[in-house]
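Pasting my_file15.cif here (mmCIF, C-alpha atoms):
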data_protein
loop_
_atom_site.label_atom_id
_atom_site.label_comp_id
_atom_site.auth_asym_id
_atom_site.auth_seq_id
_atom_site.Cartn_x
_atom_site.Cartn_y
_atom_site.Cartn_z
CA MET A 1 87.44 124.75 133.50
CA SER A 2 87.90 128.48 134.00
CA GLN A 3 90.19 129.98 131.43
CA GLN A 4 92.98 132.36 132.28
CA ILE A 5 92.74 135.78 130.73
CA LEU A 6 95.91 136.63 128.84
CA LYS A 7 97.93 139.57 130.08
CA VAL A 8 97.44 142.11 127.29
CA ARG A 9 97.10 145.88 127.10
CA PRO A 10 93.42 146.82 126.78
CA THR A 11 93.75 148.54 123.39
CA LYS A 12 91.86 148.16 120.13
CA ILE A 13 95.03 147.07 118.31
CA GLU A 14 95.52 144.29 120.82
CA LEU A 15 91.92 143.19 120.24
CA VAL A 16 92.49 143.04 116.49
CA ASN A 17 95.68 141.03 117.07
CA LEU A 18 93.87 138.64 119.36
CA LYS A 19 91.08 138.11 116.81
CA ARG A 20 93.71 137.38 114.17
CA ARG A 21 95.40 134.90 116.49
CA LEU A 22 92.10 133.22 117.22
CA SER A 23 91.26 132.76 113.54
CA LEU A 24 94.75 131.30 112.94
CA SER A 25 94.37 128.97 115.91
CA VAL A 26 90.95 127.75 114.77
CA ARG A 27 92.31 127.15 111.30
CA VAL A 28 95.32 125.24 112.62
CA GLN A 29 93.06 123.21 114.92
CA LYS A 30 90.97 122.03 111.97
CA ILE A 31 94.07 121.08 110.02
CA VAL A 32 95.66 119.29 112.97
CA LYS A 33 92.45 117.33 113.61
CA ASP A 34 92.16 116.24 109.98
CA ARG A 35 95.82 115.34 109.91
CA LEU A 36 95.42 113.37 113.11
CA SER A 37 92.60 111.31 111.63
CA ILE A 38 94.70 110.57 108.53
CA LEU A 39 97.73 109.65 110.63
CA THR A 40 95.60 107.35 112.78
CA MET A 41 94.29 105.61 109.67
CA GLU A 42 97.85 105.19 108.38
CA PHE A 43 99.01 103.98 111.80
CA LEU A 44 96.35 101.26 111.92
CA GLN A 45 97.31 100.23 108.41
CA ALA A 46 100.99 100.14 109.40
CA ALA A 47 100.18 98.07 112.49
CA ARG A 48 98.32 95.52 110.39
CA GLU A 49 101.18 95.38 107.90
CA ALA A 50 103.76 95.01 110.67
CA VAL A 51 101.88 92.01 112.07
CA GLU A 52 101.57 90.46 108.59
CA ALA A 53 105.28 91.11 107.89
CA ARG A 54 106.27 89.50 111.18
CA GLU A 55 104.16 86.41 110.47
CA LYS A 56 105.58 86.18 106.94
CA LEU A 57 109.12 86.49 108.28
CA ILE A 58 108.60 83.66 110.75
CA LYS A 59 107.08 81.45 108.03
CA ASP A 60 109.89 82.24 105.58
CA PHE A 61 112.63 81.52 108.11
CA ASP A 62 110.87 78.32 109.09
CA ALA A 63 110.78 77.15 105.47
CA ALA A 64 114.36 78.29 104.81
CA TYR A 65 115.83 76.51 107.85
CA LYS A 66 113.90 73.37 106.98
CA ALA A 67 115.37 73.46 103.46
CA LEU A 68 118.84 74.10 104.87
CA SER A 69 118.42 71.21 107.26
CA VAL A 70 117.46 68.87 104.42
CA ALA A 71 120.38 70.10 102.29
CA SER A 72 122.86 69.70 105.12
CA GLY A 73 121.47 66.26 105.88
CA TYR A 74 121.99 65.23 102.28
CA HIS A 75 125.44 66.73 101.75
CA GLY A 76 126.80 66.87 105.28
CA TYR A 77 127.56 70.02 107.31
CA ILE A 78 131.25 70.21 106.47
CA ALA A 79 130.78 69.78 102.72
CA LEU A 80 127.95 72.30 102.67
CA GLU A 81 129.91 74.85 104.68
CA LYS A 82 132.84 74.46 102.30
CA GLU A 83 130.59 75.22 99.32
CA MET A 84 128.87 78.14 101.09
CA VAL A 85 132.14 79.92 101.86
CA VAL A 86 132.61 80.75 98.18
CA ALA A 87 128.94 81.36 97.47
CA GLY A 88 128.57 84.76 99.17
CA THR A 89 127.18 87.47 96.89
CA GLY A 90 126.50 91.13 97.54
CA LEU A 91 122.93 92.13 98.22
CA LYS A 92 121.55 95.55 97.42
CA VAL A 93 118.78 97.29 99.30
CA ASP A 94 117.28 100.42 97.73
CA THR A 95 116.49 102.90 100.46
CA GLY A 96 114.59 106.13 100.26
CA LEU A 97 112.16 108.38 102.07
CA ARG A 98 108.51 109.08 101.48
CA ASN A 99 106.13 111.50 103.04
CA ILE A 100 102.86 110.56 104.77
CA ALA A 101 100.96 113.73 105.72
CA GLY A 102 104.13 115.47 106.84
CA VAL A 103 105.85 112.42 108.35
CA ARG A 104 108.95 111.26 106.55
CA VAL A 105 109.17 107.49 106.68
CA PRO A 106 111.87 105.26 105.19
CA SER A 107 111.17 102.77 102.45
CA PHE A 108 113.31 99.71 101.82
CA GLU A 109 113.21 97.58 98.73
CA MET A 110 115.46 94.69 97.85
CA ALA A 111 117.01 95.36 94.47
CA GLU A 112 116.03 92.69 91.95
CA ARG A 113 119.01 90.50 91.30
CA LYS A 114 119.40 88.48 88.16
CA ARG A 115 120.04 84.87 88.92
CA GLU A 116 123.75 84.47 88.32
CA VAL A 117 125.66 81.27 87.79
CA GLN A 118 126.13 79.81 91.24
CA ALA A 119 129.59 80.24 92.67
CA TYR A 120 129.56 76.85 94.29
CA SER A 121 130.32 73.63 92.55
CA MET A 122 127.45 72.28 90.46
CA VAL A 123 128.91 68.80 90.66
CA ASP A 124 129.23 68.54 94.44
CA THR A 125 125.85 70.15 95.26
CA SER A 126 122.22 69.45 94.43
CA SER A 127 119.01 71.37 93.84
CA LEU A 128 118.42 71.20 97.60
CA VAL A 129 121.16 73.78 98.12
CA ASP A 130 119.68 76.00 95.39
CA GLU A 131 116.28 75.77 97.03
CA ALA A 132 117.69 76.68 100.47
CA GLY A 133 119.50 79.67 98.91
CA ARG A 134 116.34 80.86 97.19
CA LEU A 135 114.34 80.60 100.42
CA PHE A 136 116.94 82.56 102.37
CA GLU A 137 116.78 85.31 99.74
CA GLU A 138 113.03 85.44 100.35
CA CYS A 139 113.80 85.79 104.06
CA LEU A 140 115.93 88.86 103.36
CA LYS A 141 113.04 90.44 101.46
CA SER A 142 110.80 89.77 104.44
CA VAL A 143 113.36 91.33 106.79
CA ALA A 144 113.40 94.50 104.66
CA GLY A 145 109.59 94.55 104.64
CA LEU A 146 109.37 94.14 108.41
CA ALA A 147 112.02 96.81 109.04
CA GLU A 148 110.06 99.27 106.92
CA ALA A 149 106.70 98.50 108.54
CA GLN A 150 108.14 98.64 112.05
CA ARG A 151 109.91 101.96 111.53
CA ARG A 152 106.83 103.45 109.89
CA LEU A 153 104.77 102.36 112.87
CA GLU A 154 107.18 104.00 115.33
CA LEU A 155 107.41 107.28 113.41
CA LEU A 156 103.65 107.52 112.90
CA GLY A 157 103.05 106.75 116.57
CA THR A 158 105.41 109.52 117.68
CA GLU A 159 103.80 112.00 115.29
CA ILE A 160 100.29 111.04 116.44
CA ASN A 161 101.29 111.71 120.04
CA ARG A 162 102.73 115.09 119.10
CA SER A 163 99.72 116.07 117.00
CA LYS A 164 97.34 114.94 119.74
CA ARG A 165 99.14 117.16 122.25
CA THR A 166 98.91 120.10 119.85
CA ALA A 167 95.22 119.46 119.16
CA ASN A 168 94.45 119.19 122.89
CA ALA A 169 96.42 122.33 123.70
CA LEU A 170 94.56 124.24 121.00
CA GLU A 171 91.17 122.87 122.00
CA HIS A 172 91.42 123.19 125.76
CA ILE A 173 93.88 126.01 126.44
CA ILE A 174 94.78 128.30 123.56
CA ILE A 175 91.44 128.85 121.83
CA PRO A 176 89.34 129.18 125.04
CA GLY A 177 92.01 131.51 126.47
CA LEU A 178 91.88 133.73 123.40
CA ARG A 179 88.05 133.73 123.41
CA VAL A 180 87.92 134.71 127.09
CA THR A 181 90.49 137.48 126.59
CA ILE A 182 88.61 138.85 123.57
CA SER A 183 85.34 138.93 125.49
CA TYR A 184 87.15 140.55 128.48
CA LEU A 185 88.57 143.27 126.22
CA LYS A 186 85.17 143.85 124.61
CA MET A 187 83.57 144.24 128.06
CA LYS A 188 86.37 146.60 129.07
CA PHE A 189 85.75 148.79 126.00
CA GLU A 190 82.00 148.80 126.62
CA GLU A 191 82.66 149.86 130.23
CA ARG A 192 84.93 152.64 129.00
CA ASP A 193 82.21 153.83 126.59
CA ARG A 194 79.65 153.87 129.37
CA GLU A 195 82.02 155.86 131.62
CA GLU A 196 82.68 158.29 128.77
CA LYS A 197 78.96 158.78 128.20
CA GLY A 198 78.38 159.40 131.94
CA ARG A 199 81.23 161.90 132.02
CA LEU A 200 79.87 163.77 128.99
CA LYS A 201 76.40 163.95 130.56
CA ARG A 202 77.88 165.34 133.75
CA VAL A 203 79.88 167.98 131.82
CA LYS A 204 76.75 168.86 129.82
CA MET A 205 74.78 169.32 133.05
CA LEU A 206 77.50 171.54 134.56
CA VAL A 207 77.66 173.67 131.41
CA ALA A 208 73.83 174.00 131.38
CA ARG A 209 73.78 175.01 135.10
CA GLU A 210 76.29 177.82 134.47
CA MET B 1 104.41 140.88 130.42
CA VAL B 2 107.60 140.38 128.40
CA ALA B 3 107.53 136.66 129.13
CA GLY B 4 103.91 136.56 127.98
CA ILE B 5 104.73 138.26 124.70
CA ARG B 6 107.63 135.89 124.15
CA TYR B 7 105.34 132.94 124.82
CA GLU B 8 102.76 134.29 122.40
CA LYS B 9 105.39 134.70 119.69
CA LEU B 10 106.59 131.16 120.28
CA LEU B 11 103.03 129.92 120.04
CA GLN B 12 102.48 131.71 116.75
CA GLU B 13 105.68 130.17 115.39
CA CYS B 14 104.51 126.71 116.47
CA LEU B 15 101.15 127.17 114.77
CA LYS B 16 102.78 128.40 111.57
CA GLU B 17 105.15 125.42 111.68
CA GLU B 18 102.14 123.09 111.89
CA LEU B 19 100.76 124.66 108.72
CA ARG B 20 104.11 124.30 107.00
CA ILE B 21 104.57 120.64 108.00
CA VAL B 22 101.28 119.29 106.65
CA ASN B 23 102.08 119.98 103.03
CA SER B 24 105.87 119.92 103.18
CA GLY B 25 105.96 116.67 101.25
CA MET B 26 104.05 117.96 98.25
CA PRO B 27 105.91 117.29 95.01
CA GLN B 28 107.39 120.25 93.15
CA SER B 29 106.48 118.59 89.89
CA ARG B 30 104.89 115.34 88.92
CA LYS B 31 106.35 112.82 86.52
CA LYS B 32 104.76 110.65 83.87
CA LEU B 33 104.53 106.95 84.57
CA SER B 34 106.43 106.24 81.35
CA GLU B 35 109.32 108.43 82.59
CA LEU B 36 109.42 106.75 85.99
CA LEU B 37 109.53 103.32 84.37
CA CYS B 38 112.84 104.25 82.74
CA GLU B 39 114.46 105.55 85.93
CA ALA B 40 116.71 103.34 88.04
CA ARG B 41 115.56 104.97 91.32
CA PRO B 42 112.27 106.69 90.55
CA TYR B 43 111.57 109.79 92.65
CA VAL B 44 110.14 113.30 92.55
CA PRO B 45 111.57 116.34 94.38
CA CYS B 46 109.40 117.84 97.11
CA HIS B 47 108.79 121.43 98.17
CA ASP B 48 110.91 121.06 101.32
CA GLY B 49 113.91 119.95 99.28
CA SER B 50 113.56 116.26 100.10
CA LYS B 51 112.92 113.48 97.61
CA HIS B 52 109.87 111.28 97.47
CA PHE B 53 110.87 107.81 96.30
CA PHE B 54 108.52 105.45 94.53
CA LYS B 55 108.52 101.71 94.93
CA LYS B 56 109.30 99.92 91.72
CA GLN B 57 106.73 97.27 92.52
CA GLU B 58 103.97 99.87 92.60
CA ILE B 59 105.11 101.44 89.37
CA ALA B 60 105.22 98.03 87.73
CA TYR B 61 101.72 97.33 89.07
CA LEU B 62 100.39 100.56 87.54
CA ALA B 63 102.20 99.86 84.27
CA GLU B 64 100.49 96.47 84.10
CA LEU B 65 97.07 98.10 84.41
CA LEU B 66 97.64 100.68 81.68
CA ASP B 67 98.56 100.58 78.02
CA VAL B 68 101.38 102.64 76.49
CA SER B 69 99.33 105.78 75.71
CA GLU B 70 97.77 105.76 79.18
CA ARG B 71 101.20 105.53 80.78
CA GLU B 72 102.00 108.86 79.11
CA ALA B 73 98.86 110.43 80.57
CA LEU B 74 99.26 109.33 84.18
CA LEU B 75 101.13 111.80 86.38
CA LEU B 76 102.63 110.52 89.63
CA PRO B 77 102.25 110.86 92.55
CA VAL B 78 98.46 110.95 92.42
CA ILE B 79 97.35 113.75 94.75
CA ILE B 80 94.62 112.99 97.28
CA MET B 81 93.18 116.32 98.35
CA LEU B 82 91.67 116.59 101.82
CA GLU B 83 89.35 119.50 102.35
CA VAL B 84 90.05 120.73 105.86
CA GLY B 85 86.99 120.89 108.08
CA LYS B 86 84.74 119.17 105.54
CA GLY B 87 86.34 115.74 105.71
CA THR B 88 85.91 115.07 102.01
CA MET B 89 88.61 113.45 99.95
CA LEU B 90 89.10 114.29 96.30
CA ILE B 91 91.43 113.21 93.56
CA PRO B 92 91.84 116.10 91.16
CA CYS B 93 92.55 114.89 87.65
CA GLY B 94 92.37 116.54 84.24
CA GLU B 95 90.34 114.33 81.95
CA GLY B 96 90.51 111.69 84.65
CA VAL B 97 90.22 108.65 82.40
CA VAL B 98 93.44 107.02 83.58
CA GLU B 99 92.93 107.82 87.27
CA GLU B 100 89.35 106.61 87.04
CA LYS B 101 90.51 103.33 85.51
CA ILE B 102 93.10 102.74 88.25
CA ILE B 103 90.84 103.67 91.15
CA SER B 104 87.98 101.57 89.74
CA HIS B 105 90.31 98.61 89.38
CA ILE B 106 91.65 98.91 92.94
CA LEU B 107 88.23 99.39 94.50
CA SER B 108 86.63 96.79 92.21
CA MET B 109 83.73 99.14 91.58
CA PRO B 110 82.95 101.92 89.10
CA VAL B 111 84.08 105.40 90.13
CA ALA B 112 82.70 108.56 88.55
CA CYS B 113 84.97 111.42 87.57
CA ASP B 114 82.75 114.45 88.01
CA GLY B 115 84.16 117.70 86.65
CA GLY B 116 87.75 116.52 86.82
CA ILE B 117 87.35 115.31 90.42
CA ILE B 118 86.99 111.81 91.83
CA ARG B 119 85.31 111.81 95.25
CA LEU B 120 86.33 109.18 97.76
CA TYR B 121 85.00 107.90 101.05
CA ARG B 122 87.29 107.16 103.96
CA PRO B 123 87.13 103.32 103.73
CA GLN B 124 87.93 103.61 100.02
CA LEU B 125 90.91 105.79 100.83
CA ALA B 126 92.29 103.11 103.15
CA VAL B 127 92.03 100.51 100.37
CA ILE B 128 93.78 102.78 97.86
CA ARG B 129 96.55 103.71 100.30
CA LYS B 130 97.13 100.06 101.11
CA ILE B 131 97.99 99.32 97.48
CA LEU B 132 99.40 102.65 96.29
CA LYS B 133 101.57 103.65 99.24
CA THR B 134 104.23 105.65 97.46
CA THR B 135 102.38 106.60 94.28
CA THR B 136 99.73 108.61 96.13
CA GLN B 137 100.30 111.71 98.22
CA TYR B 138 98.10 113.66 100.65
CA ALA B 139 97.47 117.37 100.25
CA PHE B 140 95.54 119.43 102.77
CA SER B 141 93.46 122.17 101.20
CA TYR B 142 91.71 124.98 103.03
CA SER B 143 88.75 126.31 101.00
CA SER B 144 91.00 128.27 98.63
CA GLY B 145 94.17 126.50 97.64
CA VAL B 146 96.62 124.23 99.37
CA VAL B 147 97.78 125.25 102.85
CA GLY B 148 101.33 125.86 103.94
CA ILE B 149 102.97 126.32 100.54
#
Would you mind writing the file out in structure tokens?
Amino acid sequence: MSQQILKVRPTKIELVNLKRRLSLSVRVQKIVKDRLSILTMEFLQAAREAVEAREKLIKDFDAAYKALSVASGYHGYIALEKEMVVAGTGLKVDTGLRNIAGVRVPSFEMAERKREVQAYSMVDTSSLVDEAGRLFEECLKSVAGLAEAQRRLELLGTEINRSKRTANALEHIIIPGLRVTISYLKMKFEERDREEKGRLKRVKMLVARE
Amino acid sequence: MVAGIRYEKLLQECLKEELRIVNSGMPQSRKKLSELLCEARPYVPCHDGSKHFFKKQEIAYLAELLDVSEREALLLPVIIMLEVGKGTMLIPCGEGVVEEKIISHILSMPVACDGGIIRLYRPQLAVIRKILKTTTQYAFSYSSGVVGI
């Protein structure tokens, strides 16, 4: 692909500036490439984790609904619902951000809750209800885990796309363009030198003839 | 010509921004594991003003591996230095005994701390990052010093 020569004034200062720009671009290209490889590694890791989290979530919900079904079968829907109305407790999710090679991703963690005395009646319920409650708490942990993995995957994917565009632009447009312009300016200066030498020779000849 | 100059300036800004982004999440200061264990929401402040939060599970995992004196010696997050262009990954550590112990345990193989530096291969890095997601941090270095800060 032929590269377009940048529109610059053919001066030595411009050449120095272009060389400086080229060194910066090469440096940035190396960094962007290394960062891209790290982000790709993290992305693959995140993808694996997202799949695992999804599978875990499905398993957990499966187990929890089975336990709930058994409990409701034992106690009856109406009695169970009556007990559950008073059993609601606040859940806390610790949220924060962390940085992966310049990408800020959220992190969610279910705050550890001490097992409190159950709000529902201990006389009218059985261990089946306790078990169902415990399994649903596990489900919430899985939901937090999946949300984190999924969001991380999205953010890393977006950043990889952006970095790839930058790396491609540097590799195929900016750096070749700068190189071509530098070589064009160098040729221009050499041409000027040759013209200057020719002119001097001509002047010398004229002076000698007189 | 004016449009070209403007474009060039914009380009330079973009490139400088790239340099700034890569190490924006570097911690201003690192904290001891023993300190983090006492905090309700363990975090370290970063250079860009944001906070890097640690997962309690990871901190508890590290605390399990180390005894009380070693917890005092371990500074978090552990920095994984990437040498730009060379593709090598290093963990700079002072005496390196604690870091060496953790990395060896995670990789299930002995790791040598040579001159205060633990060298890692890419597959090893993936294993470490899988377990220590929040307690490790990347830093991009360019021959002399860390870039972008």
Query - Residue members of the PyMOL selection byres ((chain A and resi 53-59) around 9) in the file shown, as a PyMOL selection string - result: chain A and resi 48-52+60-64+138-143+145-147+149
Query - Interface, chain B side, toward chain A (8 Å; all atoms listed in the file) as an NGL selection string - result: :B and (1 or 4 or 12 or 15 or 18-19 or 21-25 or 51-55 or 84-85 or 87 or 126 or 130 or 134 or 137-140)
Report task. Measure the distance from atom CA of A:His172 to atom CA of B:Lys86 in Å and round it to one decimal. Result -> 21.7 Å
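All polymer residues at most 10 Å from (106.9, 109.3, 82.3), using only C-alpha atoms, appear as Arg30, Lys31, Lys32, Leu33, Ser34, Glu35, Leu36, Leu37, Cys38, Glu39, Arg71, Glu72, Ala73, Leu74, Leu75 and Leu76 of chain B.
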Query - Nearby residues (all atoms listed in the file) at most 10 Å from B:Leu125, same-chain spacing under 4 positions excluded, as JSON, numbers by chain - result: {"A": [38, 41], "B": [80, 89, 90, 103, 107, 119, 120, 121, 129, 130]}
Selection export as a JSON list (two decimals), in the frame of the given file, atoms kept: C-alpha atoms:
[["chain", "number", "residue", "atom", "x", "y", "z"],
["A", 38, "ILE", "CA", 94.70, 110.57, 108.53],
["A", 41, "MET", "CA", 94.29, 105.61, 109.67],
["B", 80, "ILE", "CA", 94.62, 112.99, 97.28],
["B", 89, "MET", "CA", 88.61, 113.45, 99.95],
["B", 90, "LEU", "CA", 89.10, 114.29, 96.30],
["B", 103, "ILE", "CA", 90.84, 103.67, 91.15],
["B", 107, "LEU", "CA", 88.23, 99.39, 94.50],
["B", 119, "ARG", "CA", 85.31, 111.81, 95.25],
["B", 120, "LEU", "CA", 86.33, 109.18, 97.76],
["B", 121, "TYR", "CA", 85.00, 107.90, 101.05],
["B", 129, "ARG", "CA", 96.55, 103.71, 100.30],
["B", 130, "LYS", "CA", 97.13, 100.06, 101.11]]
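With all atoms listed in the file as the atoms that count, the minimum distance from B:Thr136 to the choices B:Ile79, B:Val68, B:Ile118, B:Leu10 is reached by B:Ile79.
The smallest atom-to-atom distance between A:Arg20 and any of A:Ala79, A:Leu91, A:Ile175, A:Leu156, using all atoms listed in the file, is found for A:Ile175.
One finds atom CA of A:Leu185 at 6.0 Å from atom CA of A:Pro10.
Distance-wise, atom CA of A:Lys164 and atom CA of B:Cys14 end up 14.2 Å apart.
For B:Ser29, the list of residues within 9 Å, based on only C-alpha atoms and with local chain neighbours fewer than 6 positions off taken out, reads Val44, Pro45, Cys46 and Leu76 of chain B.
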Could you turn the residues from that selection into a file that holds C-alpha atoms, as an mmCIF file, in the frame of the given file?
data_model
loop_
_atom_site.group_PDB
_atom_site.id
_atom_site.type_symbol
_atom_site.label_atom_id
_atom_site.label_comp_id
_atom_site.auth_asym_id
_atom_site.auth_seq_id
_atom_site.Cartn_x
_atom_site.Cartn_y
_atom_site.Cartn_z
ATOM 1 C CA VAL B 44 110.140 113.300 92.550
ATOM 2 C CA PRO B 45 111.570 116.340 94.380
ATOM 3 C CA CYS B 46 109.400 117.840 97.110
ATOM 4 C CA LEU B 76 102.630 110.520 89.630
#
Report task. With the file shown as input, list the residues that the PyMOL selection byres ((chain A and resi 184) around 12) selects, as a list in words. Result -> Gln3, Gln4, Ile5, Leu6, Lys7, Val8, Arg9, Pro10, Thr11, Glu14, Leu15, Leu18, Gly177, Leu178, Arg179, Val180, Thr181, Ile182, Ser183, Leu185, Lys186, Met187, Lys188, Phe189, Glu190 and Glu191 of chain A
How about saving the chosen residues, C-alpha atoms kept, as a CSV table (one decimal), keeping the file's coordinate frame?
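Result file is again-v4.csv:
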chain,number,residue,atom,x,y,z
A,3,GLN,CA,90.2,130.0,131.4
A,4,GLN,CA,93.0,132.4,132.3
A,5,ILE,CA,92.7,135.8,130.7
A,6,LEU,CA,95.9,136.6,128.8
A,7,LYS,CA,97.9,139.6,130.1
A,8,VAL,CA,97.4,142.1,127.3
A,9,ARG,CA,97.1,145.9,127.1
A,10,PRO,CA,93.4,146.8,126.8
A,11,THR,CA,93.8,148.5,123.4
A,14,GLU,CA,95.5,144.3,120.8
A,15,LEU,CA,91.9,143.2,120.2
A,18,LEU,CA,93.9,138.6,119.4
A,177,GLY,CA,92.0,131.5,126.5
A,178,LEU,CA,91.9,133.7,123.4
A,179,ARG,CA,88.0,133.7,123.4
A,180,VAL,CA,87.9,134.7,127.1
A,181,THR,CA,90.5,137.5,126.6
A,182,ILE,CA,88.6,138.8,123.6
A,183,SER,CA,85.3,138.9,125.5
A,185,LEU,CA,88.6,143.3,126.2
A,186,LYS,CA,85.2,143.8,124.6
A,187,MET,CA,83.6,144.2,128.1
A,188,LYS,CA,86.4,146.6,129.1
A,189,PHE,CA,85.8,148.8,126.0
A,190,GLU,CA,82.0,148.8,126.6
A,191,GLU,CA,82.7,149.9,130.2
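Residues with any atom within 6 Å of stretch 92-100 of chain B, counting only C-alpha atoms and excluding same-chain neighbours fewer than 3 positions away, are Ile103, Ser104, Gly116 and Ile117 of chain B.
Proximity to B:Thr135 was assessed for B:Val78, B:Ile91, B:Met26, B:Ala40 counting only C-alpha atoms; the smallest distance is recorded for B:Val78.
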Please, could N, CA and C atoms be added to stretch 10-27 of chain B and the result written as a PDB file, in the frame of the given file?
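Below you can see selection-v2.pdb, which holds the result:
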ATOM      1  N   LEU B  10     106.193 132.569 120.414  1.00  0.00           N
ATOM      2  CA  LEU B  10     106.590 131.160 120.280  1.00  0.00           C
ATOM      3  C   LEU B  10     105.404 130.322 119.806  1.00  0.00           C
ATOM      4  N   LEU B  11     104.263 130.631 120.381  1.00  0.00           N
ATOM      5  CA  LEU B  11     103.030 129.920 120.040  1.00  0.00           C
ATOM      6  C   LEU B  11     102.679 130.134 118.565  1.00  0.00           C
ATOM      7  N   GLN B  12     102.779 131.384 118.139  1.00  0.00           N
ATOM      8  CA  GLN B  12     102.480 131.710 116.750  1.00  0.00           C
ATOM      9  C   GLN B  12     103.418 130.951 115.802  1.00  0.00           C
ATOM     10  N   GLU B  13     104.692 130.887 116.201  1.00  0.00           N
ATOM     11  CA  GLU B  13     105.680 130.170 115.390  1.00  0.00           C
ATOM     12  C   GLU B  13     105.304 128.687 115.290  1.00  0.00           C
ATOM     13  N   CYS B  14     104.890 128.133 116.435  1.00  0.00           N
ATOM     14  CA  CYS B  14     104.510 126.710 116.470  1.00  0.00           C
ATOM     15  C   CYS B  14     103.320 126.451 115.539  1.00  0.00           C
ATOM     16  N   LEU B  15     102.348 127.347 115.592  1.00  0.00           N
ATOM     17  CA  LEU B  15     101.150 127.170 114.770  1.00  0.00           C
ATOM     18  C   LEU B  15     101.507 127.275 113.278  1.00  0.00           C
ATOM     19  N   LYS B  16     102.367 128.245 112.971  1.00  0.00           N
ATOM     20  CA  LYS B  16     102.780 128.400 111.570  1.00  0.00           C
ATOM     21  C   LYS B  16     103.562 127.167 111.090  1.00  0.00           C
ATOM     22  N   GLU B  17     104.364 126.610 111.998  1.00  0.00           N
ATOM     23  CA  GLU B  17     105.150 125.420 111.680  1.00  0.00           C
ATOM     24  C   GLU B  17     104.217 124.241 111.362  1.00  0.00           C
ATOM     25  N   GLU B  18     103.132 124.150 112.136  1.00  0.00           N
ATOM     26  CA  GLU B  18     102.140 123.090 111.890  1.00  0.00           C
ATOM     27  C   GLU B  18     101.597 123.204 110.462  1.00  0.00           C
ATOM     28  N   LEU B  19     101.290 124.431 110.079  1.00  0.00           N
ATOM     29  CA  LEU B  19     100.760 124.660 108.720  1.00  0.00           C
ATOM     30  C   LEU B  19     101.780 124.275 107.665  1.00  0.00           C
ATOM     31  N   ARG B  20     103.053 124.580 107.978  1.00  0.00           N
ATOM     32  CA  ARG B  20     104.110 124.300 107.000  1.00  0.00           C
ATOM     33  C   ARG B  20     104.323 122.783 106.858  1.00  0.00           C
ATOM     34  N   ILE B  21     104.260 122.080 107.989  1.00  0.00           N
ATOM     35  CA  ILE B  21     104.570 120.640 108.000  1.00  0.00           C
ATOM     36  C   ILE B  21     103.580 119.845 107.140  1.00  0.00           C
ATOM     37  N   VAL B  22     102.279 120.168 107.265  1.00  0.00           N
ATOM     38  CA  VAL B  22     101.280 119.290 106.650  1.00  0.00           C
ATOM     39  C   VAL B  22     101.470 119.087 105.149  1.00  0.00           C
ATOM     40  N   ASN B  23     101.911 120.145 104.472  1.00  0.00           N
ATOM     41  CA  ASN B  23     102.080 119.980 103.030  1.00  0.00           C
ATOM     42  C   ASN B  23     103.540 120.062 102.586  1.00  0.00           C
ATOM     43  N   SER B  24     104.447 119.819 103.523  1.00  0.00           N
ATOM     44  CA  SER B  24     105.870 119.920 103.180  1.00  0.00           C
ATOM     45  C   SER B  24     106.286 118.868 102.153  1.00  0.00           C
ATOM     46  N   GLY B  25     105.585 117.755 102.147  1.00  0.00           N
ATOM     47  CA  GLY B  25     105.960 116.670 101.250  1.00  0.00           C
ATOM     48  C   GLY B  25     105.320 116.726  99.878  1.00  0.00           C
ATOM     49  N   MET B  26     104.685 117.852  99.578  1.00  0.00           N
ATOM     50  CA  MET B  26     104.050 117.960  98.250  1.00  0.00           C
ATOM     51  C   MET B  26     105.116 118.002  97.163  1.00  0.00           C
ATOM     52  N   PRO B  27     104.882 117.287  96.067  1.00  0.00           N
ATOM     53  CA  PRO B  27     105.910 117.290  95.010  1.00  0.00           C
ATOM     54  C   PRO B  27     105.978 118.621  94.277  1.00  0.00           C
TER      55      PRO B  27
END
